[in-house]
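Trainee: Next comes the structure file structure-v8.txt, holding compact mmCIF, C-alpha atoms and all ligand atoms.
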```txt
# COMPACT_ATOMS: atom_id res chain seq x y z
CA MET A 568 -15.42 20.78 35.06
CA ARG A 569 -14.12 24.35 35.41
CA SER A 570 -10.50 23.53 34.61
CA LEU A 571 -11.56 21.68 31.46
CA ASP A 572 -13.53 24.64 30.11
CA GLU A 573 -10.75 27.06 31.10
CA PHE A 574 -8.26 24.91 29.19
CA ALA A 575 -10.50 24.83 26.10
CA THR A 576 -11.19 28.56 26.21
CA ALA A 577 -7.50 29.46 26.57
CA LYS A 578 -6.56 27.19 23.65
CA LEU A 579 -9.27 28.68 21.46
CA ARG A 580 -8.10 32.23 22.30
CA GLU A 581 -4.59 31.31 21.25
CA LEU A 582 -5.86 29.94 17.93
CA GLU A 583 -7.94 33.08 17.41
CA ARG A 584 -4.92 35.34 18.04
CA ASN A 585 -3.02 33.54 15.26
CA SER A 586 -5.95 33.52 12.78
CA LEU A 587 -5.94 29.72 13.11
CA ARG A 588 -9.34 29.11 14.71
CA ARG A 589 -11.59 27.08 12.44
CA ALA A 590 -15.35 27.15 12.22
CA LEU A 591 -17.72 24.92 10.33
CA VAL A 592 -19.83 26.67 7.69
CA ASP A 593 -23.09 25.13 6.50
CA THR A 594 -22.59 24.28 2.83
CA THR A 595 -25.11 22.59 0.57
CA ARG A 596 -23.61 21.06 -2.55
CA VAL A 597 -26.41 21.53 -5.05
CA THR A 598 -24.47 20.04 -7.98
CA GLY A 599 -20.92 18.78 -8.44
CA ILE A 600 -19.67 22.39 -8.64
CA TRP A 601 -22.31 24.80 -7.31
CA MET A 602 -22.80 25.31 -3.57
CA LEU A 603 -25.15 27.24 -1.32
CA ARG A 604 -23.40 29.01 1.54
CA ASN A 605 -24.65 31.85 3.72
CA GLY A 606 -27.62 32.22 1.39
CA ARG A 607 -25.40 32.67 -1.68
CA ARG A 608 -24.83 30.44 -4.69
CA LEU A 609 -21.08 29.99 -5.13
CA LEU A 610 -18.96 28.16 -7.68
CA SER A 611 -16.64 25.90 -5.73
CA PHE A 612 -12.96 25.47 -6.48
CA SER A 613 -12.44 23.73 -3.15
CA CYS A 614 -13.94 20.25 -3.57
CA ASN A 615 -11.97 17.06 -4.23
CA ASP A 616 -14.86 15.78 -6.33
CA TYR A 617 -12.61 16.08 -9.40
CA LEU A 618 -14.97 14.25 -11.74
CA ASN A 619 -18.17 15.55 -10.12
CA LEU A 620 -19.24 11.95 -9.58
CA THR A 621 -20.87 12.76 -6.21
CA HIS A 622 -23.81 13.98 -8.30
CA HIS A 623 -23.57 11.64 -11.32
CA PRO A 624 -26.95 9.99 -12.02
CA ALA A 625 -25.44 6.49 -12.41
CA VAL A 626 -23.48 6.78 -9.17
CA LYS A 627 -26.47 8.10 -7.22
CA GLU A 628 -28.72 5.43 -8.69
CA ALA A 629 -26.30 2.66 -7.67
CA ALA A 630 -26.34 3.94 -4.07
CA ILE A 631 -30.12 4.36 -3.97
CA GLU A 632 -30.72 0.87 -5.34
CA ALA A 633 -28.31 -0.63 -2.81
CA VAL A 634 -30.01 1.19 0.08
CA ARG A 635 -33.35 -0.21 -1.07
CA ALA A 636 -31.97 -3.72 -1.37
CA TYR A 637 -29.54 -3.92 1.57
CA GLY A 638 -30.45 -1.14 4.02
CA VAL A 639 -28.34 1.75 5.20
CA GLY A 640 -25.54 0.68 7.56
CA ALA A 641 -23.30 -2.40 7.33
CA GLY A 642 -24.41 -3.47 10.81
CA ALA A 643 -21.02 -4.76 11.97
CA SER A 644 -17.33 -4.98 11.19
CA ARG A 645 -16.55 -6.73 7.92
CA PHE A 646 -15.04 -9.55 9.99
CA VAL A 647 -18.33 -10.21 11.74
CA THR A 648 -21.35 -9.78 9.44
CA GLY A 649 -20.59 -6.52 7.61
CA ASN A 650 -18.82 -8.01 4.58
CA HIS A 651 -21.42 -7.56 1.85
CA PRO A 652 -20.42 -9.29 -1.44
CA LEU A 653 -20.10 -5.82 -3.03
CA PHE A 654 -16.84 -5.37 -1.07
CA GLY A 655 -15.24 -8.31 -2.88
CA GLU A 656 -16.38 -6.97 -6.24
CA LEU A 657 -14.97 -3.49 -5.54
CA GLU A 658 -11.68 -4.93 -4.26
CA ARG A 659 -11.22 -7.13 -7.33
CA ARG A 660 -11.97 -4.19 -9.62
CA LEU A 661 -9.59 -1.83 -7.80
CA ALA A 662 -6.78 -4.40 -7.73
CA ALA A 663 -7.10 -4.98 -11.48
CA PHE A 664 -7.19 -1.23 -12.20
CA LYS A 665 -4.07 -0.66 -10.09
CA ASP A 666 -2.30 -3.71 -11.52
CA ALA A 667 -2.03 -5.34 -8.10
CA GLN A 668 -2.86 -8.85 -6.94
CA ALA A 669 -5.32 -7.84 -4.24
CA CYS A 670 -7.00 -5.00 -2.41
CA CYS A 671 -8.45 -4.23 1.01
CA VAL A 672 -11.11 -1.54 1.46
CA PHE A 673 -11.18 0.51 4.69
CA GLY A 674 -13.75 2.84 6.28
CA SER A 675 -11.86 5.93 5.04
CA GLY A 676 -8.51 6.97 3.64
CA TYR A 677 -7.54 8.30 7.05
CA LEU A 678 -8.41 4.99 8.71
CA ALA A 679 -6.50 3.12 6.00
CA ASN A 680 -3.22 4.88 6.77
CA LEU A 681 -3.70 4.48 10.51
CA GLY A 682 -4.20 0.76 9.99
CA ILE A 683 -1.68 -0.06 7.26
CA ILE A 684 1.53 1.46 8.62
CA PRO A 685 1.40 -0.05 12.15
CA ALA A 686 0.49 -3.42 10.62
CA LEU A 687 3.72 -3.44 8.61
CA VAL A 688 6.33 -1.78 10.84
CA GLY A 689 6.87 -1.44 14.59
CA ALA A 690 9.34 -0.32 17.24
CA ASN A 691 12.94 -0.41 15.94
CA ASP A 692 11.84 -0.30 12.30
CA LEU A 693 12.44 2.77 10.14
CA VAL A 694 9.84 4.96 8.42
CA LEU A 695 11.09 7.59 5.99
CA ILE A 696 8.36 10.10 5.28
CA ASP A 697 8.18 12.99 2.81
CA GLU A 698 8.07 16.19 4.88
CA LEU A 699 4.90 17.35 3.09
CA SER A 700 3.00 14.08 3.44
CA HIS A 701 -0.64 14.14 4.48
CA ALA A 702 -1.48 14.26 8.21
CA CYS A 703 -2.78 10.67 8.25
CA LEU A 704 0.53 9.25 6.96
CA TRP A 705 2.28 11.05 9.83
CA THR A 706 -0.28 9.74 12.30
CA GLY A 707 0.07 6.19 10.97
CA ALA A 708 3.86 6.45 11.22
CA ARG A 709 3.65 7.74 14.81
CA LEU A 710 1.19 5.04 15.82
CA SER A 711 3.55 2.36 14.51
CA ARG A 712 6.22 3.45 17.04
CA ALA A 713 8.86 2.99 14.36
CA VAL A 714 11.71 5.51 14.12
CA GLY A 715 10.24 8.21 11.87
CA VAL A 716 12.60 10.33 9.77
CA PRO A 717 11.29 13.02 7.41
CA PHE A 718 12.99 13.46 4.05
CA ARG A 719 13.18 16.63 1.95
CA HIS A 720 10.09 17.09 -0.17
CA ALA A 721 10.10 14.95 -3.33
CA ASP A 722 13.85 14.35 -2.98
CA ALA A 723 14.79 10.75 -3.78
CA SER A 724 18.50 11.50 -3.34
CA HIS A 725 17.83 12.44 0.29
CA VAL A 726 16.04 9.10 0.75
CA GLU A 727 19.11 7.39 -0.74
CA GLU A 728 21.38 9.22 1.74
CA LEU A 729 19.19 8.38 4.73
CA LEU A 730 18.95 4.72 3.78
CA ALA A 731 22.70 4.43 3.15
CA GLU A 732 23.28 5.87 6.61
CA ARG A 733 20.52 4.20 8.63
CA ARG A 734 19.08 1.15 6.87
CA ARG A 735 21.45 -1.36 8.52
CA ASP A 736 20.26 -0.35 12.02
CA HIS A 737 16.68 -1.49 11.37
CA GLU A 738 15.09 -4.78 10.46
CA ARG A 739 12.41 -3.26 8.21
CA ALA A 740 12.24 0.08 6.41
CA LEU A 741 9.21 1.77 4.88
CA ILE A 742 9.18 4.85 2.64
CA VAL A 743 5.88 6.76 2.63
CA THR A 744 4.77 9.63 0.44
CA ASP A 745 1.71 11.22 -1.07
CA GLY A 746 1.45 10.26 -4.77
CA VAL A 747 -0.09 13.63 -5.63
CA PHE A 748 0.63 16.07 -2.78
CA SER A 749 -2.67 17.19 -1.35
CA MET A 750 -1.78 20.81 -0.66
CA ASP A 751 0.81 21.42 -3.39
CA GLY A 752 -0.50 19.36 -6.30
CA ASP A 753 2.92 18.11 -7.42
CA ILE A 754 3.64 14.43 -8.02
CA ALA A 755 6.12 12.35 -6.02
CA PRO A 756 9.18 11.05 -7.90
CA LEU A 757 7.84 7.49 -7.66
CA PRO A 758 10.16 5.85 -10.25
CA ALA A 759 13.26 7.19 -8.44
CA LEU A 760 11.85 6.31 -5.01
CA ALA A 761 11.02 2.79 -6.25
CA GLU A 762 14.59 2.25 -7.48
CA THR A 763 16.04 3.55 -4.20
CA ALA A 764 13.67 1.37 -2.21
CA GLU A 765 14.68 -1.69 -4.23
CA ARG A 766 18.42 -1.04 -3.71
CA HIS A 767 18.01 -0.88 0.07
CA ASP A 768 15.30 -3.47 0.59
CA ALA A 769 12.86 -0.80 1.77
CA TRP A 770 9.12 -0.91 1.08
CA LEU A 771 7.50 1.95 -0.83
CA MET A 772 4.00 3.13 -0.02
CA SER A 773 2.20 5.89 -1.92
CA ASP A 774 -0.98 7.62 -0.82
CA ASP A 775 -2.75 8.38 -4.07
CA ALA A 776 -5.86 10.02 -2.64
CA HIS A 777 -5.57 12.77 -5.27
CA GLY A 778 -4.22 10.65 -8.12
CA LEU A 779 -6.85 7.97 -8.59
CA GLY A 780 -9.32 8.97 -11.28
CA VAL A 781 -7.38 11.96 -12.62
CA ILE A 782 -3.70 11.10 -13.20
CA GLY A 783 -2.19 8.42 -15.45
CA GLY A 784 -5.42 7.80 -17.39
CA GLY A 785 -7.26 7.60 -14.08
CA ARG A 786 -5.07 4.80 -12.72
CA GLY A 787 -3.06 7.06 -10.44
CA SER A 788 0.33 8.68 -10.03
CA ASN A 789 2.44 5.54 -10.47
CA PHE A 790 1.00 5.34 -13.99
CA ALA A 791 1.83 9.00 -14.75
CA ASN A 792 5.07 8.19 -16.61
CA ALA A 793 5.62 6.02 -19.68
CA THR A 794 6.99 3.27 -17.43
CA GLN A 795 4.84 2.22 -14.50
CA ALA A 796 6.55 2.86 -11.16
CA ASP A 797 6.85 -0.26 -9.02
CA VAL A 798 4.96 0.72 -5.85
CA PRO A 799 4.15 -2.40 -3.83
CA LEU A 800 1.83 -0.53 -1.42
CA GLN A 801 -0.69 1.59 -3.32
CA MET A 802 -3.06 3.30 -0.92
CA GLY A 803 -5.85 5.68 -1.92
CA THR A 804 -9.37 6.83 -1.18
CA LEU A 805 -12.81 6.44 -2.68
CA SER A 806 -13.78 9.87 -1.37
CA LYS A 807 -12.19 12.20 -3.91
CA ALA A 808 -12.47 11.53 -7.67
CA LEU A 809 -14.71 8.51 -7.08
CA GLY A 810 -17.21 10.75 -5.31
CA ALA A 811 -18.03 8.13 -2.65
CA TYR A 812 -16.31 7.38 0.65
CA GLY A 813 -13.75 4.93 2.02
CA GLY A 814 -10.09 4.05 1.63
CA TYR A 815 -8.14 1.16 0.12
CA LEU A 816 -4.79 -0.54 -0.16
CA CYS A 817 -3.76 -2.43 -3.30
CA ALA A 818 -0.81 -4.80 -2.83
CA SER A 819 0.23 -8.44 -3.19
CA THR A 820 -2.09 -11.22 -1.99
CA ALA A 821 0.18 -11.96 0.97
CA VAL A 822 0.34 -8.34 2.09
CA ILE A 823 -3.43 -7.86 1.80
CA ASP A 824 -4.01 -11.06 3.76
CA LEU A 825 -1.72 -9.75 6.50
CA ILE A 826 -3.44 -6.35 6.47
CA ARG A 827 -6.83 -8.01 6.89
CA ASN A 828 -5.45 -9.85 9.91
CA ARG A 829 -3.49 -7.01 11.50
CA ALA A 830 -4.87 -3.59 10.54
CA ARG A 831 -6.83 -2.54 13.61
CA THR A 832 -8.81 0.16 11.78
CA ALA A 833 -10.16 -2.45 9.36
CA ILE A 834 -10.89 -5.08 12.01
CA TYR A 835 -12.36 -3.02 14.84
CA SER A 836 -14.52 -0.60 12.86
CA THR A 837 -17.91 -1.06 11.19
CA GLY A 838 -17.76 -1.83 7.46
CA LEU A 839 -18.69 0.86 4.95
CA PRO A 840 -22.40 1.01 4.08
CA PRO A 841 -23.04 -1.31 1.09
CA ALA A 842 -24.59 1.65 -0.80
CA ILE A 843 -21.29 3.53 -0.64
CA VAL A 844 -19.46 0.48 -1.98
CA ALA A 845 -22.02 0.22 -4.80
CA ALA A 846 -21.51 3.91 -5.61
CA ALA A 847 -17.72 3.45 -5.72
CA ILE A 848 -18.10 0.53 -8.15
CA ALA A 849 -20.34 2.64 -10.42
CA ALA A 850 -17.82 5.51 -10.28
CA LEU A 851 -14.92 3.20 -11.11
CA ASP A 852 -16.92 1.92 -14.10
CA LEU A 853 -17.30 5.46 -15.43
CA ILE A 854 -13.61 6.27 -14.97
CA GLN A 855 -12.51 3.11 -16.76
CA ARG A 856 -14.97 3.68 -19.61
CA GLU A 857 -14.18 7.37 -20.12
CA PRO A 858 -10.45 8.16 -19.81
CA LEU A 859 -10.94 11.41 -21.77
CA TYR A 860 -13.37 12.64 -19.12
CA ALA A 861 -10.81 11.72 -16.43
CA ALA A 862 -8.29 13.98 -18.17
CA LEU A 863 -10.50 17.10 -17.99
CA PRO A 864 -9.69 18.33 -14.43
CA LEU A 865 -5.97 18.58 -15.23
CA GLU A 866 -6.73 20.32 -18.54
CA LYS A 867 -8.86 22.92 -16.72
CA ALA A 868 -6.15 23.44 -14.09
CA LYS A 869 -3.56 24.01 -16.84
CA ALA A 870 -5.81 26.49 -18.66
CA PHE A 871 -6.33 28.39 -15.39
CA ALA A 872 -2.61 28.49 -14.58
CA ARG A 873 -1.74 29.75 -18.09
CA ALA A 874 -4.30 32.55 -17.84
CA ALA A 875 -3.33 33.53 -14.29
CA GLY A 876 0.41 33.49 -15.05
CA LEU A 877 1.18 30.60 -12.68
CA PRO A 878 3.51 27.62 -13.27
CA GLU A 879 1.97 24.65 -15.13
CA PRO A 880 0.37 22.27 -12.61
CA ALA A 881 0.96 18.50 -12.61
CA SER A 882 -2.46 17.71 -11.16
CA PRO A 883 -5.86 19.40 -10.77
CA ILE A 884 -4.61 21.02 -7.52
CA VAL A 885 -3.19 24.54 -7.90
CA PRO A 886 -1.74 26.21 -4.77
CA ILE A 887 -1.35 29.97 -4.44
CA VAL A 888 0.96 30.44 -1.47
CA LEU A 889 0.35 33.77 0.26
CA GLY A 890 2.34 33.45 3.50
CA GLU A 891 0.45 34.42 6.63
CA ALA A 892 -2.91 32.91 7.55
CA GLU A 893 -4.54 36.33 7.53
CA ALA A 894 -3.52 36.97 3.92
CA ALA A 895 -5.04 33.64 2.83
CA LEU A 896 -8.28 34.38 4.68
CA LYS A 897 -8.51 37.82 3.07
CA ALA A 898 -7.95 36.41 -0.42
CA SER A 899 -10.61 33.77 0.17
CA THR A 900 -13.12 36.46 1.25
CA LEU A 901 -12.28 38.53 -1.80
CA LEU A 902 -12.91 35.60 -4.16
CA GLU A 903 -16.21 34.94 -2.44
CA GLU A 904 -17.29 38.48 -3.35
CA TYR A 905 -16.83 37.42 -6.99
CA GLY A 906 -18.94 34.30 -6.45
CA PHE A 907 -16.08 31.79 -6.05
CA LEU A 908 -15.67 29.45 -3.11
CA VAL A 909 -11.95 28.92 -2.48
CA THR A 910 -11.14 28.11 1.13
CA ALA A 911 -7.96 29.33 2.81
CA ILE A 912 -5.56 26.60 3.92
CA ARG A 913 -3.63 27.46 7.08
CA PRO A 914 -1.16 25.79 9.47
CA PRO A 915 -1.02 23.13 10.75
CA THR A 916 -2.43 21.74 7.47
CA VAL A 917 0.51 23.45 5.71
CA PRO A 918 3.84 24.61 7.20
CA ARG A 919 3.99 27.99 9.00
CA GLY A 920 4.43 30.93 6.64
CA THR A 921 2.91 29.05 3.69
CA ALA A 922 -0.81 29.66 4.19
CA ARG A 923 -2.47 29.55 0.81
CA LEU A 924 -5.42 29.30 -1.44
CA ARG A 925 -5.72 25.76 -2.73
CA LEU A 926 -7.73 25.58 -5.92
CA THR A 927 -9.06 22.31 -7.26
CA PHE A 928 -10.37 21.96 -10.80
CA THR A 929 -13.05 19.55 -11.86
CA ALA A 930 -14.32 18.13 -15.13
CA GLN A 931 -17.45 20.26 -15.18
CA HIS A 932 -16.05 23.69 -14.37
CA PRO A 933 -17.25 25.94 -17.23
CA ASP A 934 -14.34 27.33 -19.27
CA ASP A 935 -15.63 30.92 -19.06
CA GLU A 936 -15.78 30.71 -15.25
CA VAL A 937 -12.25 29.29 -15.12
CA ALA A 938 -11.10 32.25 -17.24
CA ARG A 939 -12.98 34.74 -14.99
CA LEU A 940 -11.40 33.21 -11.87
CA ALA A 941 -7.93 33.43 -13.48
CA GLU A 942 -8.50 37.12 -14.23
CA VAL A 943 -9.54 37.90 -10.64
CA VAL A 944 -6.63 35.89 -9.23
CA ARG A 945 -4.13 37.58 -11.55
CA SER A 946 -5.35 41.14 -11.12
CA GLU A 947 -6.39 41.11 -7.46
CA VAL A 948 -4.84 38.22 -5.51
CA LEU A 949 -1.39 37.91 -7.12
CA ALA A 950 -1.01 41.65 -7.73
CA GLY A 951 -2.00 42.31 -4.08
CA ALA A 952 0.49 39.70 -2.82
CA ALA A 953 3.31 41.18 -4.95
CA SER A 954 2.71 44.72 -3.67
CA ALA A 955 2.56 43.46 -0.04
CA ILE A 956 5.98 41.82 -0.50
CA ALA A 957 7.40 44.98 -2.14
CA ALA A 958 6.18 47.08 0.82
CA GLN A 959 8.01 44.89 3.38
C1 LIG B 1 -3.34 12.62 0.69
C2 LIG B 1 -4.54 12.25 1.50
N1 LIG B 1 -4.55 11.06 2.09
C3 LIG B 1 -5.60 10.65 2.82
C4 LIG B 1 -6.69 11.45 3.00
C5 LIG B 1 -7.82 10.97 3.85
O1 LIG B 1 -8.76 10.37 3.04
P1 LIG B 1 -10.29 10.30 3.50
O2 LIG B 1 -10.87 11.64 3.27
O3 LIG B 1 -10.86 9.23 2.64
O4 LIG B 1 -10.29 9.94 4.94
C6 LIG B 1 -6.74 12.69 2.39
C7 LIG B 1 -7.93 13.55 2.55
O5 LIG B 1 -7.91 14.71 2.71
C8 LIG B 1 -5.63 13.12 1.62
O6 LIG B 1 -5.61 14.32 1.03
```
Please go through the file and, once you have read it, give me the structure as structure tokens.
Mentor:
Amino acid sequence: MRSLDEFATAKLRELERNSLRRALVDTTRVTGIWMLRNGRRLLSFSCNDYLNLTHHPAVKEAAIEAVRAYGVGAGASRFVTGNHPLFGELERRLAAFKDAQACCVFGSGYLANLGIIPALVGANDLVLIDELSHACLWTGARLSRAVGVPFRHADASHVEELLAERRRDHERALIVTDGVFSMDGDIAPLPALAETAERHDAWLMSDDAHGLGVIGGGRGSNFANATQADVPLQMGTLSKALGAYGGYLCASTAVIDLIRNRARTAIYSTGLPPAIVAAAIAALDLIQREPLYAALPLEKAKAFARAAGLPEPASPIVPIVLGEAEAALKASTLLEEYGFLVTAIRPPTVPRGTARLRLTFTAQHPDDEVARLAEVVRSEVLAGAASAIAAQ
């Protein structure tokens, strides 16, 4: 169809003009930290494999054994014949780790959020969403057809104001937020949000994709403080620190039962391959057995930030906001010349004018390489950004 291709070409040109066109780059992850890209060996600071478990021998072995025993794909939705007993084992283990009654595993974190939110709220209900929440929380909120209202980033007092003003107009209210913010690395004020939610009979849901395995002794962001925050809907993924794939929700038995019956992305999608579930169980084992190892990514991020002269991070994610997309792309290319892979993050992943480098630190990053990266960032990236601002 000519009009279809003309539409696509015009859209792509527009993206190109704004430095927002994306292209896939072949990348072979040779180990948990080293990659091959464009024929070069690069040290990655752009993976969410915080504990490098994608390449851990025990995790790989668990997957290989399960493939041998049970085949590759699940063959059907979990509600038909795809519910291998490993699912139940993983769900029991996750629920216990997150101090919840029950758990439901989904095909991915993205699918989880698209299934959970519309299963709990609908038209005429209220969803309050942190303005910097991950794209899939926004999509889940939109799909639910509830009235969606963003609140100021990490601002529980704004949630209080919005609920005081609007709660009475809606039967149900849901507050959704990242636990650890994926592009900023800060942690949501979960204790304050939980108290506000309780006062207004609103339900609190956190997406802890980047908290599980690395924050709060590995148990996630609602365990980050001395007192555990009461988050009745704890969502997360198996695809980051666990090094596998898939998403989950930990909640009460009643809520999980409802989710199993109502979440369309769990019901109408093929179950995860049993080997991936086996890998996630092996990864969870390691995290529970070795809390000191789970603490390493944050320690490395803090050491980097100290050396580069950046504020102390709360998680292994360290953003360096540079402004325009072009500036972020240039900084990424510069770091690649030094052998570091740090991808540029541009709108719409982050708000306009806040394109950035997003660095992620992992347990196995060598200390001398972290120090070398900090030196390059301090002397070339940050110094360059400061002189560009001064010249404006
Ligand atoms: C905060 C957050 N939630 C959900 C997801 C989606 O998880 P998955 O990659 O398992 O689909 C991501 C992944 O980027 C994320 O950062």
Trainee: Can you tell me which residues come within 9 Å of ligand LIG 1 (chain B) when counting all atoms listed in the file, ideally as a ChimeraX atom specification?
Mentor: /A:615,673-680,700-704,744-750,774-777,802-807,811-815
Trainee: What's the 12 Å shell around Thr621 in chain A, counting only C-alpha atoms, without same-chain residues fewer than 3 positions away, as a PyMOL selection string?
Mentor: chain A and resi 596-600+614-618+624-630+805-812+843+846-847+849-850+929
Trainee: Leaving out range 789-799 of chain A and any residue of its chain fewer than 4 positions from it, which residues lie within 6 Å of it when counting only C-alpha atoms, given as a list in words?
Mentor: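 Those residues are Leu757, Pro758, Ala761, Leu771, Gly783 and Ala818 of chain A.
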Trainee: Kindly save the residues from that selection, with C-alpha atoms included, as a compact mmCIF listing (two decimals), in the frame of the given file.
Mentor:
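For reference, again-v5.txt as written:
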```txt
# COMPACT_ATOMS: atom_id res chain seq x y z
CA LEU A 757 7.84 7.49 -7.66
CA PRO A 758 10.16 5.85 -10.25
CA ALA A 761 11.02 2.79 -6.25
CA LEU A 771 7.50 1.95 -0.83
CA GLY A 783 -2.19 8.42 -15.45
CA ALA A 818 -0.81 -4.80 -2.83
```
Trainee: What is the distance between CA of Pro886 in chain A and CA of Arg923 in chain A, in Å to one decimal?
Mentor: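 Interatomic distance here is 6.5 Å.
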Trainee: Which one of A:Arg919, A:Arg913, A:Asp697, A:Leu940 sits closest to Met772 in chain A if you count all atoms listed in the file?
Mentor: A:Asp697
Trainee: If you count all atoms listed in the file, which residues fall within 8 Å of range 723-738 of chain A, apart from same-chain ones fewer than 6 positions away, as JSON, numbers by chain?
Mentor: {"A": [691, 692, 693, 695, 756, 759, 760, 763, 767]}
Trainee: Calculate how many Å separate CA of Ala922 in chain A from CA of Ala894 in chain A, rounding to one decimal.
Mentor: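 CA of Ala894 in chain A lies 7.8 Å from CA of Ala922 in chain A.
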Trainee: Please list as a list in words every residue within 9 Å of Ile912 in chain A, counting all atoms listed in the file and excluding residues in the same chain fewer than 5 positions away.
Mentor: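 Contacts, in chain order: Met750, Ala892, Ala895, Leu896, Val917, Thr921, Ala922, Arg923, Leu924 and Arg925 of chain A.
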Trainee: Produce a file of the selected residues containing C-alpha atoms, as an mmCIF file, keeping the file's coordinate frame.
Mentor:
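Produced file selection_27.cif, reproduced below:
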```cif
data_model
loop_
_atom_site.group_PDB
_atom_site.id
_atom_site.type_symbol
_atom_site.label_atom_id
_atom_site.label_comp_id
_atom_site.auth_asym_id
_atom_site.auth_seq_id
_atom_site.Cartn_x
_atom_site.Cartn_y
_atom_site.Cartn_z
ATOM 1 C CA MET A 750 -1.780 20.810 -0.660
ATOM 2 C CA ALA A 892 -2.910 32.910 7.550
ATOM 3 C CA ALA A 895 -5.040 33.640 2.830
ATOM 4 C CA LEU A 896 -8.280 34.380 4.680
ATOM 5 C CA VAL A 917 0.510 23.450 5.710
ATOM 6 C CA THR A 921 2.910 29.050 3.690
ATOM 7 C CA ALA A 922 -0.810 29.660 4.190
ATOM 8 C CA ARG A 923 -2.470 29.550 0.810
ATOM 9 C CA LEU A 924 -5.420 29.300 -1.440
ATOM 10 C CA ARG A 925 -5.720 25.760 -2.730
#
```
Trainee: Measure the distance from CA of Leu863 in chain A to CA of Pro883 in chain A in Å and round it to one decimal.
Mentor: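 CA of Leu863 in chain A sits 8.9 Å away from CA of Pro883 in chain A.
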Trainee: I want to know what sits within 6 Å of Ala641 in chain A, based on only C-alpha atoms, with residues of the same chain fewer than 4 positions away left out; could you give that as a PDB file with C-alpha atoms, in the coordinates of the input?
Mentor:
```pdb
ATOM      1  CA  GLY A 649     -20.590  -6.520   7.610  1.00  0.00           C
ATOM      2  CA  GLY A 838     -17.760  -1.830   7.460  1.00  0.00           C
ATOM      3  CA  PRO A 840     -22.400   1.010   4.080  1.00  0.00           C
TER       4      PRO A 840
END
```
Trainee: Of the candidates A:Cys817, A:Ala690, A:Ala881, A:Ile823, which shows the shortest atom-to-atom distance to Gly752 in chain A, using all atoms listed in the file?
Mentor: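 Of the candidates, the smallest distance to Gly752 in chain A is held by A:Ala881.
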Trainee: Would you mind telling me which residue in A:Ile848, A:Ala911, A:Leu889, A:Val634 lies nearest to Leu949 in chain A when using all atoms listed in the file?
Mentor: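 Checking each candidate against Leu949 in chain A, we get A:Leu889 as the closest.
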Trainee: Nearest residue to Phe664 in chain A out of A:Ala941, A:Leu851, A:Leu591, A:Val909, using only C-alpha atoms?
Mentor: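 Among the listed residues, A:Leu851 lies closest to Phe664 in chain A.
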